[in-house]
$ cat entry.txt   # compact mmCIF, C-alpha atoms
# COMPACT_ATOMS: atom_id res chain seq x y z
CA MET A 1 -81.53 14.81 186.79
CA ALA A 2 -83.15 11.46 187.48
CA THR A 3 -86.78 11.56 188.45
CA ARG A 4 -88.64 9.25 190.75
CA ALA A 5 -90.11 7.53 187.70
CA ASP A 6 -86.61 6.95 186.26
CA ILE A 7 -85.38 5.30 189.44
CA GLU A 8 -88.52 3.25 189.67
CA GLU A 9 -88.10 2.01 186.13
CA LEU A 10 -84.46 1.11 186.73
CA ILE A 11 -85.44 -0.94 189.79
CA ALA A 12 -88.16 -2.68 187.76
CA ARG A 13 -85.69 -3.50 184.99
CA THR A 14 -83.15 -4.67 187.56
CA ALA A 15 -85.80 -7.10 188.82
CA LEU A 16 -85.89 -8.47 185.25
CA ARG A 17 -82.12 -9.04 185.47
CA ASP A 18 -81.22 -6.13 183.19
CA ARG A 19 -77.57 -5.51 184.02
CA ALA A 20 -77.38 -2.24 182.13
CA ALA A 21 -80.28 -0.88 184.17
CA PHE A 22 -78.61 -2.05 187.37
CA SER A 23 -75.38 -0.35 186.37
CA ARG A 24 -77.25 2.88 185.62
CA LEU A 25 -79.08 2.64 188.94
CA TYR A 26 -75.71 2.34 190.66
CA GLU A 27 -74.40 5.38 188.78
CA LEU A 28 -77.36 7.47 189.83
CA THR A 29 -77.71 6.44 193.44
CA SER A 30 -74.41 5.07 194.76
CA ALA A 31 -73.06 8.47 195.87
CA LYS A 32 -76.14 9.08 197.98
CA LEU A 33 -76.07 5.58 199.48
CA PHE A 34 -72.31 5.66 200.02
CA GLY A 35 -72.69 8.96 201.85
CA ILE A 36 -75.22 7.32 204.17
CA CYS A 37 -73.01 4.28 204.83
CA LEU A 38 -70.06 6.56 205.47
CA ARG A 39 -71.98 8.75 207.90
CA ILE A 40 -73.34 5.78 209.85
CA LEU A 41 -70.17 3.68 209.89
CA ASN A 42 -67.64 6.48 210.05
CA SER A 43 -65.05 4.31 208.28
CA ARG A 44 -64.29 4.32 204.57
CA PRO A 45 -63.28 0.66 204.21
CA GLU A 46 -66.36 -0.45 206.11
CA ALA A 47 -68.62 1.86 204.16
CA GLU A 48 -67.21 0.45 200.90
CA ASP A 49 -67.94 -3.11 202.04
CA ALA A 50 -71.40 -2.06 203.15
CA LEU A 51 -72.14 -0.35 199.84
CA GLN A 52 -71.11 -3.45 197.96
CA GLU A 53 -73.42 -5.60 200.06
CA VAL A 54 -76.23 -3.09 199.70
CA PHE A 55 -76.14 -3.29 195.91
CA VAL A 56 -75.92 -7.09 196.00
CA LYS A 57 -79.14 -6.95 198.02
CA VAL A 58 -80.69 -4.47 195.61
CA TRP A 59 -79.99 -6.83 192.69
CA ARG A 60 -81.30 -9.86 194.55
CA ASN A 61 -84.39 -8.19 196.03
CA ALA A 62 -85.43 -5.84 193.25
CA ASP A 63 -88.45 -8.04 192.55
CA ARG A 64 -89.68 -7.37 196.07
CA TYR A 65 -89.58 -3.60 195.66
CA LYS A 66 -93.19 -3.34 194.50
CA ALA A 67 -94.58 -5.34 197.40
CA GLY A 68 -93.29 -2.91 200.03
CA GLY A 69 -95.09 0.16 198.70
CA PHE A 70 -92.02 2.34 199.36
CA SER A 71 -91.09 5.19 197.08
CA PRO A 72 -88.00 4.18 195.09
CA MET A 73 -85.38 6.37 196.79
CA THR A 74 -86.83 5.49 200.19
CA TRP A 75 -86.50 1.82 199.35
CA LEU A 76 -82.84 2.22 198.43
CA ILE A 77 -82.10 4.52 201.38
CA THR A 78 -83.79 2.09 203.77
CA ILE A 79 -81.75 -0.86 202.51
CA ALA A 80 -78.52 1.14 202.86
CA ARG A 81 -79.43 2.56 206.26
CA ASN A 82 -80.50 -0.82 207.64
CA HIS A 83 -77.45 -2.57 206.35
CA ALA A 84 -75.07 0.03 207.74
CA ILE A 85 -76.90 -0.05 211.08
CA ASP A 86 -76.66 -3.86 211.18
CA ARG A 87 -72.92 -3.57 210.68
CA LEU A 88 -72.63 -0.87 213.30
CA ARG A 89 -74.55 -2.96 215.82
CA ALA A 90 -72.41 -6.00 215.09
CA ARG A 91 -69.33 -3.84 215.69
CA ARG A 92 -70.77 -2.68 219.00
CA ALA A 93 -71.67 -6.24 219.96
CA LYS A 94 -68.00 -7.10 219.51
CA GLY A 95 -67.35 -4.72 222.35
CA GLU A 96 -66.11 -1.66 220.58
CA GLY A 97 -68.75 0.36 222.34
CA LEU A 98 -70.12 3.62 221.10
CA ASP A 99 -67.41 5.44 219.27
CA LYS A 100 -66.60 9.07 219.65
CA ALA A 101 -68.73 10.23 216.80
CA GLU A 102 -71.72 8.68 218.48
CA GLU A 103 -71.24 10.10 221.89
CA LEU A 104 -73.02 13.31 221.17
CA PRO A 105 -76.57 13.34 219.94
CA ASP A 106 -77.07 14.99 216.60
CA GLY A 107 -77.90 18.60 217.05
CA ALA A 108 -80.08 20.61 214.76
CA PRO A 109 -79.94 19.56 211.12
CA GLY A 110 -77.34 21.34 209.02
CA PRO A 111 -78.24 24.12 206.62
CA GLU A 112 -78.46 21.69 203.73
CA ALA A 113 -81.04 19.52 205.50
CA MET A 114 -83.00 22.59 206.45
CA ALA A 115 -83.04 23.85 202.89
CA ILE A 116 -84.33 20.56 201.53
CA ALA A 117 -86.83 20.13 204.30
CA SER A 118 -88.21 23.59 203.83
CA SER A 119 -88.39 23.31 200.09
CA GLU A 120 -90.19 20.17 199.11
CA ARG A 121 -89.73 17.17 201.30
CA GLY A 122 -91.45 16.03 204.39
CA ARG A 123 -92.25 18.06 207.36
CA LEU A 124 -90.28 15.73 209.54
CA VAL A 125 -87.72 18.30 210.60
CA GLY A 126 -90.39 20.79 211.61
CA CYS A 127 -92.33 18.11 213.43
CA LEU A 128 -89.25 16.85 215.26
CA ASP A 129 -88.73 20.42 216.41
CA GLU A 130 -92.15 20.36 218.03
CA LEU A 131 -91.04 17.49 220.28
CA PRO A 132 -89.06 18.10 223.47
CA GLU A 133 -85.43 18.28 222.40
CA ASP A 134 -84.28 15.05 224.07
CA ARG A 135 -87.08 13.07 222.42
CA ALA A 136 -86.36 14.42 218.96
CA SER A 137 -82.76 13.55 219.60
CA ALA A 138 -83.75 9.99 220.59
CA VAL A 139 -85.55 9.54 217.25
CA ARG A 140 -82.47 10.75 215.37
CA LEU A 141 -80.18 8.51 217.41
CA ALA A 142 -82.33 5.49 216.67
CA TYR A 143 -82.46 6.18 212.94
CA LEU A 144 -78.95 7.44 212.25
CA HIS A 145 -77.00 5.61 214.96
CA GLY A 146 -79.04 2.45 215.37
CA GLU A 147 -79.44 2.98 219.08
CA THR A 148 -81.80 0.52 220.74
CA TYR A 149 -84.21 1.24 223.59
CA ALA A 150 -81.55 -0.07 225.97
CA ASP A 151 -78.89 2.27 224.51
CA LEU A 152 -81.25 5.22 224.71
CA ALA A 153 -82.33 4.40 228.28
CA ASP A 154 -78.64 4.35 229.27
CA ARG A 155 -77.90 7.57 227.49
CA PHE A 156 -80.81 9.47 229.00
CA GLY A 157 -80.47 7.78 232.39
CA VAL A 158 -84.03 6.48 232.60
CA PRO A 159 -85.42 2.95 233.08
CA LEU A 160 -85.95 0.96 229.90
CA ASN A 161 -89.74 0.97 230.18
CA THR A 162 -89.82 4.70 230.76
CA MET A 163 -87.70 5.18 227.66
CA ARG A 164 -90.03 2.99 225.66
CA THR A 165 -93.15 4.80 226.86
CA TRP A 166 -91.54 8.16 226.21
CA LEU A 167 -90.49 7.40 222.71
CA ARG A 168 -93.71 5.65 221.75
CA ARG A 169 -95.70 8.70 222.83
CA SER A 170 -93.35 10.93 220.88
CA LEU A 171 -93.77 8.81 217.76
CA LEU A 172 -97.52 9.19 217.99
CA LYS A 173 -97.18 12.97 218.36
CA LEU A 174 -94.85 12.98 215.41
CA ARG A 175 -97.39 11.11 213.29
CA GLU A 176 -100.13 13.55 214.28
CA CYS A 177 -97.93 16.48 213.34
CA LEU A 178 -96.91 14.90 210.03
CA GLU A 179 -100.54 14.45 209.07
CA ARG A 180 -101.72 17.84 210.16
CA MET B 1 -113.78 -10.51 213.79
CA SER B 2 -112.09 -7.89 211.74
CA ILE B 3 -109.01 -6.12 213.03
CA PRO B 4 -109.00 -2.32 212.85
CA ALA B 5 -106.61 -1.45 210.05
CA ASP B 6 -104.78 1.51 211.46
CA THR B 7 -104.84 1.61 215.23
CA GLU B 8 -102.63 3.90 217.25
CA ASP B 9 -100.64 0.98 218.44
CA ASP B 10 -99.98 -0.18 214.88
CA ARG B 11 -98.83 3.26 213.85
CA ILE B 12 -96.31 3.24 216.64
CA LEU B 13 -95.24 -0.31 215.88
CA ALA B 14 -94.70 0.64 212.24
CA ALA B 15 -92.41 3.50 213.29
CA GLU B 16 -90.52 1.33 215.76
CA TYR B 17 -90.09 -1.23 213.01
CA ILE B 18 -88.49 1.26 210.63
CA LEU B 19 -86.30 2.66 213.39
CA GLY B 20 -85.14 -0.88 214.20
CA LEU B 21 -86.35 -0.72 217.79
CA LEU B 22 -88.32 -3.97 217.79
CA ASP B 23 -86.88 -7.32 218.79
CA ASP B 24 -86.57 -9.95 216.07
CA GLU B 25 -89.68 -11.84 217.05
CA THR B 26 -91.90 -8.76 217.03
CA SER B 27 -90.38 -7.63 213.72
CA ARG B 28 -91.10 -10.98 212.11
CA ALA B 29 -94.65 -10.99 213.41
CA LEU B 30 -95.18 -7.51 212.01
CA GLU B 31 -93.72 -8.55 208.64
CA ALA B 32 -96.11 -11.48 208.51
CA ARG B 33 -99.01 -9.11 209.10
CA MET B 34 -97.72 -6.63 206.51
CA ASN B 35 -98.10 -9.33 203.87
CA VAL B 36 -101.84 -9.53 204.48
CA GLU B 37 -102.73 -6.09 205.87
CA PRO B 38 -102.27 -3.37 203.25
CA ALA B 39 -103.04 -0.59 205.77
CA LEU B 40 -100.23 -1.70 208.01
CA ARG B 41 -97.91 -2.05 205.05
CA ASP B 42 -98.77 1.49 203.94
CA SER B 43 -98.20 2.82 207.42
CA VAL B 44 -94.70 1.30 207.42
CA ALA B 45 -94.00 2.76 203.98
CA VAL B 46 -95.12 6.23 205.07
CA TRP B 47 -92.83 6.15 208.10
CA ALA B 48 -89.96 4.94 205.93
CA ASP B 49 -90.51 7.95 203.65
CA ASP B 50 -90.72 10.38 206.54
CA PHE B 51 -87.66 9.07 208.35
CA ALA B 52 -85.62 8.93 205.13
CA VAL B 53 -85.71 12.74 205.22
CA MET B 54 -83.12 12.46 207.99
CA THR B 55 -80.61 11.43 205.33
CA ASP B 56 -81.19 14.59 203.29
CA GLY B 57 -78.47 16.48 205.09
CA ILE B 58 -75.85 13.79 204.58
CA PRO B 59 -73.44 14.84 201.83
CA GLU B 60 -73.15 12.55 198.83
CA GLU B 61 -69.81 10.87 198.31
CA LEU B 62 -68.58 9.12 195.17
CA PRO B 63 -67.53 5.56 195.99
CA PRO B 64 -64.19 4.37 194.57
CA PRO B 65 -64.53 2.59 191.19
CA GLY B 66 -63.46 -0.78 192.63
CA VAL B 67 -66.73 -1.15 194.48
CA PHE B 68 -68.81 -1.68 191.37
CA VAL B 69 -66.24 -4.12 190.01
CA SER B 70 -66.55 -6.17 193.21
CA ILE B 71 -70.33 -6.08 193.04
CA SER B 72 -70.24 -7.37 189.46
CA GLU B 73 -67.84 -10.13 190.46
CA VAL B 74 -70.06 -11.27 193.30
CA LEU B 75 -73.21 -11.19 191.20
CA PHE B 76 -72.07 -12.22 187.78
CA GLY B 77 -68.66 -13.77 188.24
CA THR B 78 -66.04 -12.91 185.68
CA GLU B 79 -65.04 -14.65 182.50
CA ARG B 80 -61.54 -14.99 183.77
CA ALA B 81 -62.65 -16.56 187.00
CA PRO B 82 -62.24 -20.27 186.17
CA SER B 83 -58.68 -20.04 184.94
CA LEU B 84 -57.78 -17.73 187.80
CA LEU B 85 -59.25 -20.23 190.20
CA GLN B 86 -57.30 -23.05 188.67
CA ARG B 87 -54.11 -21.07 188.55
CA LEU B 88 -54.09 -19.47 191.94
CA GLY B 89 -56.50 -21.57 193.88
CA ILE B 90 -59.72 -19.97 194.85
CA VAL B 91 -58.60 -19.63 198.45
CA ARG B 92 -56.06 -17.10 197.44
CA MET B 93 -58.44 -15.36 195.16
CA PHE B 94 -60.82 -15.17 198.06
CA VAL B 95 -58.23 -13.86 200.46
CA GLY B 96 -57.04 -11.42 197.82
CA ALA B 97 -60.53 -10.27 197.11
CA VAL B 98 -61.20 -9.77 200.79
CA ALA B 99 -58.12 -7.68 201.14
CA ALA B 100 -58.70 -5.70 197.98
CA ALA B 101 -62.40 -5.23 198.02
CA GLY B 102 -63.74 -6.54 201.27
CA LEU B 103 -65.76 -9.26 199.62
CA ALA B 104 -66.50 -11.69 202.31
CA PHE B 105 -68.11 -11.10 205.62
CA VAL B 106 -71.71 -10.09 205.64
CA VAL B 107 -73.11 -9.26 208.99
CA ILE B 108 -76.63 -10.21 209.96
CA SER B 109 -79.20 -8.44 207.90
CA SER B 110 -82.51 -7.55 209.40
CA GLY B 111 -85.34 -8.51 207.09
CA LEU B 112 -86.82 -5.05 207.12
CA LEU B 113 -87.96 -5.18 203.54
CA GLY B 114 -90.07 -8.27 203.56
CA PRO B 115 -90.50 -11.54 205.37
CA ALA B 116 -87.46 -12.64 207.34
CA ASN B 117 -84.98 -14.50 205.19
CA GLN B 118 -85.12 -18.24 205.53
CA PRO B 119 -82.24 -20.40 204.39
CA GLU B 120 -82.89 -22.22 201.12
CA PHE B 121 -80.24 -24.90 201.66
CA VAL B 122 -78.81 -26.46 204.76
CA ALA B 123 -76.19 -29.08 205.58
CA ARG B 124 -74.78 -30.79 208.62
CA VAL B 125 -71.09 -31.30 208.07
CA GLU B 126 -69.95 -33.93 210.54
CA ALA B 127 -67.12 -36.33 211.22
CA GLN B 128 -68.15 -39.97 211.55
CA ASP B 129 -67.34 -39.97 215.25
CA SER B 130 -68.94 -36.50 215.69
CA SER B 131 -65.66 -35.05 216.94
CA LEU B 132 -66.02 -32.29 214.35
CA ARG B 133 -69.43 -30.86 213.58
CA PHE B 134 -70.62 -27.79 211.68
CA ARG B 135 -74.01 -26.56 210.59
CA ALA B 136 -74.37 -24.72 207.27
CA ALA B 137 -77.26 -22.64 205.93
CA TYR B 138 -77.38 -20.78 202.63
CA ASP B 139 -79.68 -17.82 202.09
CA ALA B 140 -80.09 -17.20 198.36
CA ASP B 141 -81.54 -13.80 199.05
CA THR B 142 -78.36 -12.33 200.40
CA GLY B 143 -76.14 -14.95 198.76
CA SER B 144 -74.60 -15.69 202.12
CA LEU B 145 -73.53 -18.99 203.59
CA HIS B 146 -73.77 -19.14 207.36
CA LEU B 147 -71.47 -21.65 209.02
CA VAL B 148 -71.69 -22.48 212.71
CA ARG B 149 -69.13 -24.56 214.56
CA LEU B 150 -70.81 -27.03 216.91
CA ALA B 151 -67.85 -29.20 217.91
CA GLY B 152 -64.17 -29.73 217.21
CA GLN B 153 -61.44 -27.55 215.78
CA ALA B 154 -58.26 -27.66 213.72
CA ALA B 155 -55.22 -29.44 215.12
CA PRO B 156 -52.60 -27.04 216.48
CA GLY B 157 -50.76 -25.31 213.66
CA ARG B 158 -53.26 -26.59 211.09
CA SER B 159 -56.37 -25.09 209.46
CA LEU B 160 -59.80 -26.43 208.58
CA GLU B 161 -60.84 -25.71 205.03
CA PHE B 162 -64.37 -25.98 203.63
CA TRP B 163 -64.94 -27.36 200.15
CA LEU B 164 -67.96 -27.64 197.95
CA ILE B 165 -68.18 -30.63 195.66
CA ALA B 166 -70.84 -30.26 192.98
CA GLY B 167 -71.57 -33.52 191.14
CA SER B 168 -68.39 -34.93 189.68
CA ASN B 169 -66.61 -31.57 189.68
CA ALA B 170 -63.36 -31.01 191.54
CA PRO B 171 -63.79 -29.60 195.06
CA VAL B 172 -63.96 -25.82 195.14
CA SER B 173 -62.70 -24.05 198.23
CA VAL B 174 -65.42 -22.23 200.13
CA MET B 175 -63.36 -20.82 202.96
CA VAL B 176 -60.55 -21.44 205.39
CA TRP B 177 -62.09 -21.47 208.86
CA PRO B 178 -60.60 -18.72 211.03
CA THR B 179 -59.03 -20.51 213.99
CA GLY B 180 -61.13 -20.04 217.10
CA ALA B 181 -64.21 -18.73 215.27
CA ASP B 182 -67.63 -20.13 216.14
CA ASP B 183 -69.82 -18.49 213.59
CA GLU B 184 -69.04 -17.08 210.15
CA ARG B 185 -71.00 -15.72 207.22
CA ILE B 186 -69.57 -15.33 203.77
CA VAL B 187 -71.07 -14.18 200.52
CA LEU B 188 -70.56 -16.88 197.94
CA PRO B 189 -69.73 -15.76 194.42
CA ALA B 190 -72.60 -16.82 192.14
CA PRO B 191 -70.64 -19.51 190.24
CA ILE B 192 -69.82 -21.26 193.52
CA ALA B 193 -73.30 -20.91 194.98
CA ALA B 194 -74.69 -22.55 191.85
CA GLY B 195 -73.05 -25.80 192.99
CA LEU B 196 -74.88 -25.93 196.32
CA PRO B 197 -78.13 -27.71 195.40
CA GLY B 198 -77.39 -31.42 195.65
CA GLY B 199 -73.73 -30.72 196.38
CA THR B 200 -71.58 -31.91 199.25
CA LEU B 201 -69.75 -29.77 201.77
CA ALA B 202 -66.55 -31.21 203.14
CA ILE B 203 -63.89 -30.12 205.61
CA SER B 204 -60.26 -31.05 205.10
CA ASP B 205 -57.24 -30.79 207.34
CA GLU B 206 -54.80 -28.32 205.75
CA PRO B 207 -51.60 -26.45 206.54
CA GLU B 208 -52.17 -23.25 208.47
CA GLY B 209 -53.85 -20.70 206.20
CA GLY B 210 -55.35 -23.31 203.89
CA SER B 211 -54.38 -25.56 201.03
CA PRO B 212 -51.37 -24.23 199.12
CA THR B 213 -52.54 -25.87 195.90
CA GLY B 214 -56.18 -24.85 195.61
CA ALA B 215 -57.24 -28.48 196.04
CA PRO B 216 -57.59 -30.45 199.27
CA THR B 217 -54.22 -31.81 200.37
CA GLY B 218 -54.99 -33.34 203.78
CA ASP B 219 -57.45 -35.81 205.24
CA VAL B 220 -61.15 -35.21 204.75
CA LEU B 221 -62.40 -34.83 208.31
CA ALA B 222 -66.10 -34.24 207.86
CA VAL B 223 -68.71 -34.30 205.09
CA GLY B 224 -72.35 -33.33 204.71
CA GLN B 225 -74.93 -33.41 201.96
CA VAL B 226 -76.51 -30.07 201.06
CA SER B 227 -80.29 -30.35 201.07
CA PRO B 228 -83.22 -27.95 200.65
CA ALA B 229 -84.17 -26.38 203.98
$ encode --input "entry.txt" --output "structure tokens"
Amino acid sequence: MATRADIEELIARTALRDRAAFSRLYELTSAKLFGICLRILNSRPEAEDALQEVFVKVWRNADRYKAGGFSPMTWLITIARNHAIDRLRARRAKGEGLDKAEELPDGAPGPEAMAIASSERGRLVGCLDELPEDRASAVRLAYLHGETYADLADRFGVPLNTMRTWLRRSLLKLRECLER
Amino acid sequence: MSIPADTEDDRILAAEYILGLLDDETSRALEARMNVEPALRDSVAVWADDFAVMTDGIPEELPPPGVFVSISEVLFGTERAPSLLQRLGIVRMFVGAVAAAGLAFVVISSGLLGPANQPEFVARVEAQDSSLRFRAAYDADTGSLHLVRLAGQAAPGRSLEFWLIAGSNAPVSVMVWPTGADDERIVLPAPIAAGLPGGTLAISDEPEGGSPTGAPTGDVLAVGQVSPA
């Protein structure tokens, strides 16, 4: 089982152009990142393209990892999530609209997410639960579906500025809860 | 006057940034501040960690083995590449690679992990009478070449093909312009990108679908010197 320190070292060695380290990093993390691309894009061929581009970025930007202050898995997850969301938004901009999988907000996290959340990782799930349900759902839709303020305002049938105010207040509450 | 390091507003901005809710201009401004304000940078990193938990419930999935092969080809090229290029023409290799592995089109990447990407090399590829004009920008960070059509198009039943000429080397095909497109991004394989500094981009008139030989066969319609941005 790879530890945080292992992943961190592999990223550092990748920054030094160590191909073996890069290959090992791919072995250890590609299934996780591919899962994320697949969930966001809901298309295997597109997720494969996205994963390829994600690792090209990882190779080319590994020297910038340190500067961001992210934990190593978060850094990789964020690159994959952002890239998949960029692709999804470009697809939407081409007029495909929100596809079926996106029409319903994510409900409660699955049992797996609950187990992980309750064991070691962040209190995010618990803190999201403290928010009114529609606001927690808006946070999830933004992160996992790349919905913009305009998308969310449409979905919840409120003016754009109301949506923005709403969500900004919720984010502050979330931060307070996370630091409690 | 010193700016408070961790105001409420900044905490919210940091979250909106990670969620991708900010417009480009606000994102870039925030990134510029992150470079000089460690507290803001930390706030962004903490949100990134917290939100990443939302991916915990997503099942892992093994990617097919071809993906890593494609990544290696993009980043490191392959030893066989030159002869393959000569034999088949890089256009075909490109088209084949796109079909097989989805090599080419990279969609806009938000610069969420550092300052917004600026192109390292640019070129204006223009016909002498300006009837055909393209703008090109290469971003070394993502390895992508962004081409924008400003004027002109292929003659009916013909295609425009982009070539890169590095020094005294033979022209290497960059891409066949999709008829009707205005804006394209492609990831350049490393061996091709290496020819950009000081190189020349040219557009030739070719049979539909691009040169059948791997070298320009028709008139050169437009040229442009590649220069540092």
$ closest_residue --input "entry.txt" --among "A:Arg13, A:Arg81, A:Arg87, A:Lys66" --to "A:Asp49" --atoms "only C-alpha atoms"
A:Arg87
$ closest_residue --input "entry.txt" --among "B:Glu120, B:Glu208, B:Asp42, B:Asp141" --to "B:Pro228" --atoms "all atoms listed in the file"
B:Glu120
$ residues_near_point --input "entry.txt" --point "(-95.9, -8.4, 205.0)" --cutoff "8 Å" --atoms "only C-alpha atoms" --output "NGL selection string"
(:A and (68)) or (:B and (30-37 or 41 or 114-115))
$ residues_near_point --input "entry.txt" --point "(-60.8, -37.0, 203.8)" --cutoff "9 Å" --atoms "all atoms listed in the file" --output "PDB file with C-alpha atoms, in the frame of the given file"
ATOM      1  CA  ALA B 202     -66.550 -31.210 203.140  1.00  0.00           C
ATOM      2  CA  ILE B 203     -63.890 -30.120 205.610  1.00  0.00           C
ATOM      3  CA  SER B 204     -60.260 -31.050 205.100  1.00  0.00           C
ATOM      4  CA  ASP B 205     -57.240 -30.790 207.340  1.00  0.00           C
ATOM      5  CA  PRO B 216     -57.590 -30.450 199.270  1.00  0.00           C
ATOM      6  CA  GLY B 218     -54.990 -33.340 203.780  1.00  0.00           C
ATOM      7  CA  ASP B 219     -57.450 -35.810 205.240  1.00  0.00           C
ATOM      8  CA  VAL B 220     -61.150 -35.210 204.750  1.00  0.00           C
ATOM      9  CA  LEU B 221     -62.400 -34.830 208.310  1.00  0.00           C
ATOM     10  CA  ALA B 222     -66.100 -34.240 207.860  1.00  0.00           C
ATOM     11  CA  VAL B 223     -68.710 -34.300 205.090  1.00  0.00           C
TER      12      VAL B 223
END
$ closest_residue --input "entry.txt" --among "B:Thr142, B:Ser211, B:Asn169, B:Ser70" --to "B:Gly195" --atoms "all atoms listed in the file"
B:Asn169
$ closest_residue --input "entry.txt" --among "A:Val58, A:Ser43, A:Gln52, A:Gly69" --to "A:Arg91" --atoms "only C-alpha atoms"
A:Ser43
$ residues_around --input "entry.txt" --residues "A:Leu88" --least-positions-apart "5" --cutoff "9 Å" --atoms "all atoms listed in the file" --output "list in words"
Ile40, Leu41, His83, Ala93, His145 and Gly146 of chain A
$ closest_atom_pairs --input "entry.txt" --of "chain B" --to "chain A" --cutoff "7 Å" --atoms "only C-alpha atoms" --output "JSON lines"
{"residue": "B:Ile12", "atom": "CA", "partner": "A:Arg168", "partner_atom": "CA", "distance": 6.2}
{"residue": "B:Leu19", "atom": "CA", "partner": "A:Tyr143", "partner_atom": "CA", "distance": 5.2}
{"residue": "B:Leu21", "atom": "CA", "partner": "A:Thr148", "partner_atom": "CA", "distance": 5.6}
{"residue": "B:Arg41", "atom": "CA", "partner": "A:Gly68", "partner_atom": "CA", "distance": 6.9}
{"residue": "B:Asp42", "atom": "CA", "partner": "A:Gly69", "partner_atom": "CA", "distance": 6.5}
{"residue": "B:Ala45", "atom": "CA", "partner": "A:Phe70", "partner_atom": "CA", "distance": 5.0}
{"residue": "B:Ala48", "atom": "CA", "partner": "A:Thr74", "partner_atom": "CA", "distance": 6.6}
{"residue": "B:Asp49", "atom": "CA", "partner": "A:Thr74", "partner_atom": "CA", "distance": 5.6}
{"residue": "B:Asp50", "atom": "CA", "partner": "A:Gly122", "partner_atom": "CA", "distance": 6.1}
{"residue": "B:Ala52", "atom": "CA", "partner": "A:Thr74", "partner_atom": "CA", "distance": 6.1}
{"residue": "B:Val53", "atom": "CA", "partner": "A:Gly122", "partner_atom": "CA", "distance": 6.7}
{"residue": "B:Thr55", "atom": "CA", "partner": "A:Ile36", "partner_atom": "CA", "distance": 6.9}
{"residue": "B:Asp56", "atom": "CA", "partner": "A:Ala113", "partner_atom": "CA", "distance": 5.4}
{"residue": "B:Gly57", "atom": "CA", "partner": "A:Ala113", "partner_atom": "CA", "distance": 4.0}
{"residue": "B:Ile58", "atom": "CA", "partner": "A:Gly35", "partner_atom": "CA", "distance": 6.4}
{"residue": "B:Pro59", "atom": "CA", "partner": "A:Gly35", "partner_atom": "CA", "distance": 5.9}
{"residue": "B:Glu60", "atom": "CA", "partner": "A:Lys32", "partner_atom": "CA", "distance": 4.7}
{"residue": "B:Glu61", "atom": "CA", "partner": "A:Ala31", "partner_atom": "CA", "distance": 4.7}
{"residue": "B:Leu62", "atom": "CA", "partner": "A:Ala31", "partner_atom": "CA", "distance": 4.6}
{"residue": "B:Pro63", "atom": "CA", "partner": "A:Ala31", "partner_atom": "CA", "distance": 6.3}
{"residue": "B:Val67", "atom": "CA", "partner": "A:Gln52", "partner_atom": "CA", "distance": 6.0}
{"residue": "B:Ile71", "atom": "CA", "partner": "A:Gln52", "partner_atom": "CA", "distance": 5.6}
{"residue": "B:Leu75", "atom": "CA", "partner": "A:Val56", "partner_atom": "CA", "distance": 6.9}
{"residue": "B:Gly102", "atom": "CA", "partner": "A:Asp49", "partner_atom": "CA", "distance": 5.5}
{"residue": "B:Leu103", "atom": "CA", "partner": "A:Asp49", "partner_atom": "CA", "distance": 7.0}
{"residue": "B:Val107", "atom": "CA", "partner": "A:Arg87", "partner_atom": "CA", "distance": 5.9}
{"residue": "B:Ile108", "atom": "CA", "partner": "A:Asp86", "partner_atom": "CA", "distance": 6.5}
{"residue": "B:Ser109", "atom": "CA", "partner": "A:Asp86", "partner_atom": "CA", "distance": 6.2}
{"residue": "B:Leu113", "atom": "CA", "partner": "A:Gly68", "partner_atom": "CA", "distance": 6.8}
{"residue": "B:Asp141", "atom": "CA", "partner": "A:Arg60", "partner_atom": "CA", "distance": 6.0}
{"residue": "B:Thr142", "atom": "CA", "partner": "A:Lys57", "partner_atom": "CA", "distance": 5.9}
$ atom_distance --input "entry.txt" --atom1 "atom CA of B:Ala229" --atom2 "atom CA of B:Tyr138"
8.9 Å
$ atom_distance --input "entry.txt" --atom1 "atom CA of B:Leu22" --atom2 "atom CA of B:His146"
23.5 Å
$ residues_around --input "entry.txt" --residues "B:Ala154" --least-positions-apart "4" --cutoff "9 Å" --atoms "only C-alpha atoms" --output "PyMOL selection string"
chain B and resi 158-160+177+179-180+205-206
$ atom_distance --input "entry.txt" --atom1 "atom CA of B:Pro171" --atom2 "atom CA of B:Phe68"
28.6 Å
$ residues_around --input "entry.txt" --residues "B:Gly224" --least-positions-apart "2" --cutoff "10 Å" --atoms "all atoms listed in the file" --output "PyMOL selection string"
chain B and resi 122-127+133-136+164+199-203+222+226-227
$ closest_residue --input "entry.txt" --among "B:Leu147, B:Val44, B:Ala39, B:Ala215" --to "B:Pro178" --atoms "all atoms listed in the file"
B:Leu147
$ closest_residue --input "entry.txt" --among "A:Glu179, A:Asp134, A:Asp6, A:Asp63" --to "A:Gly157" --atoms "all atoms listed in the file"
A:Asp134
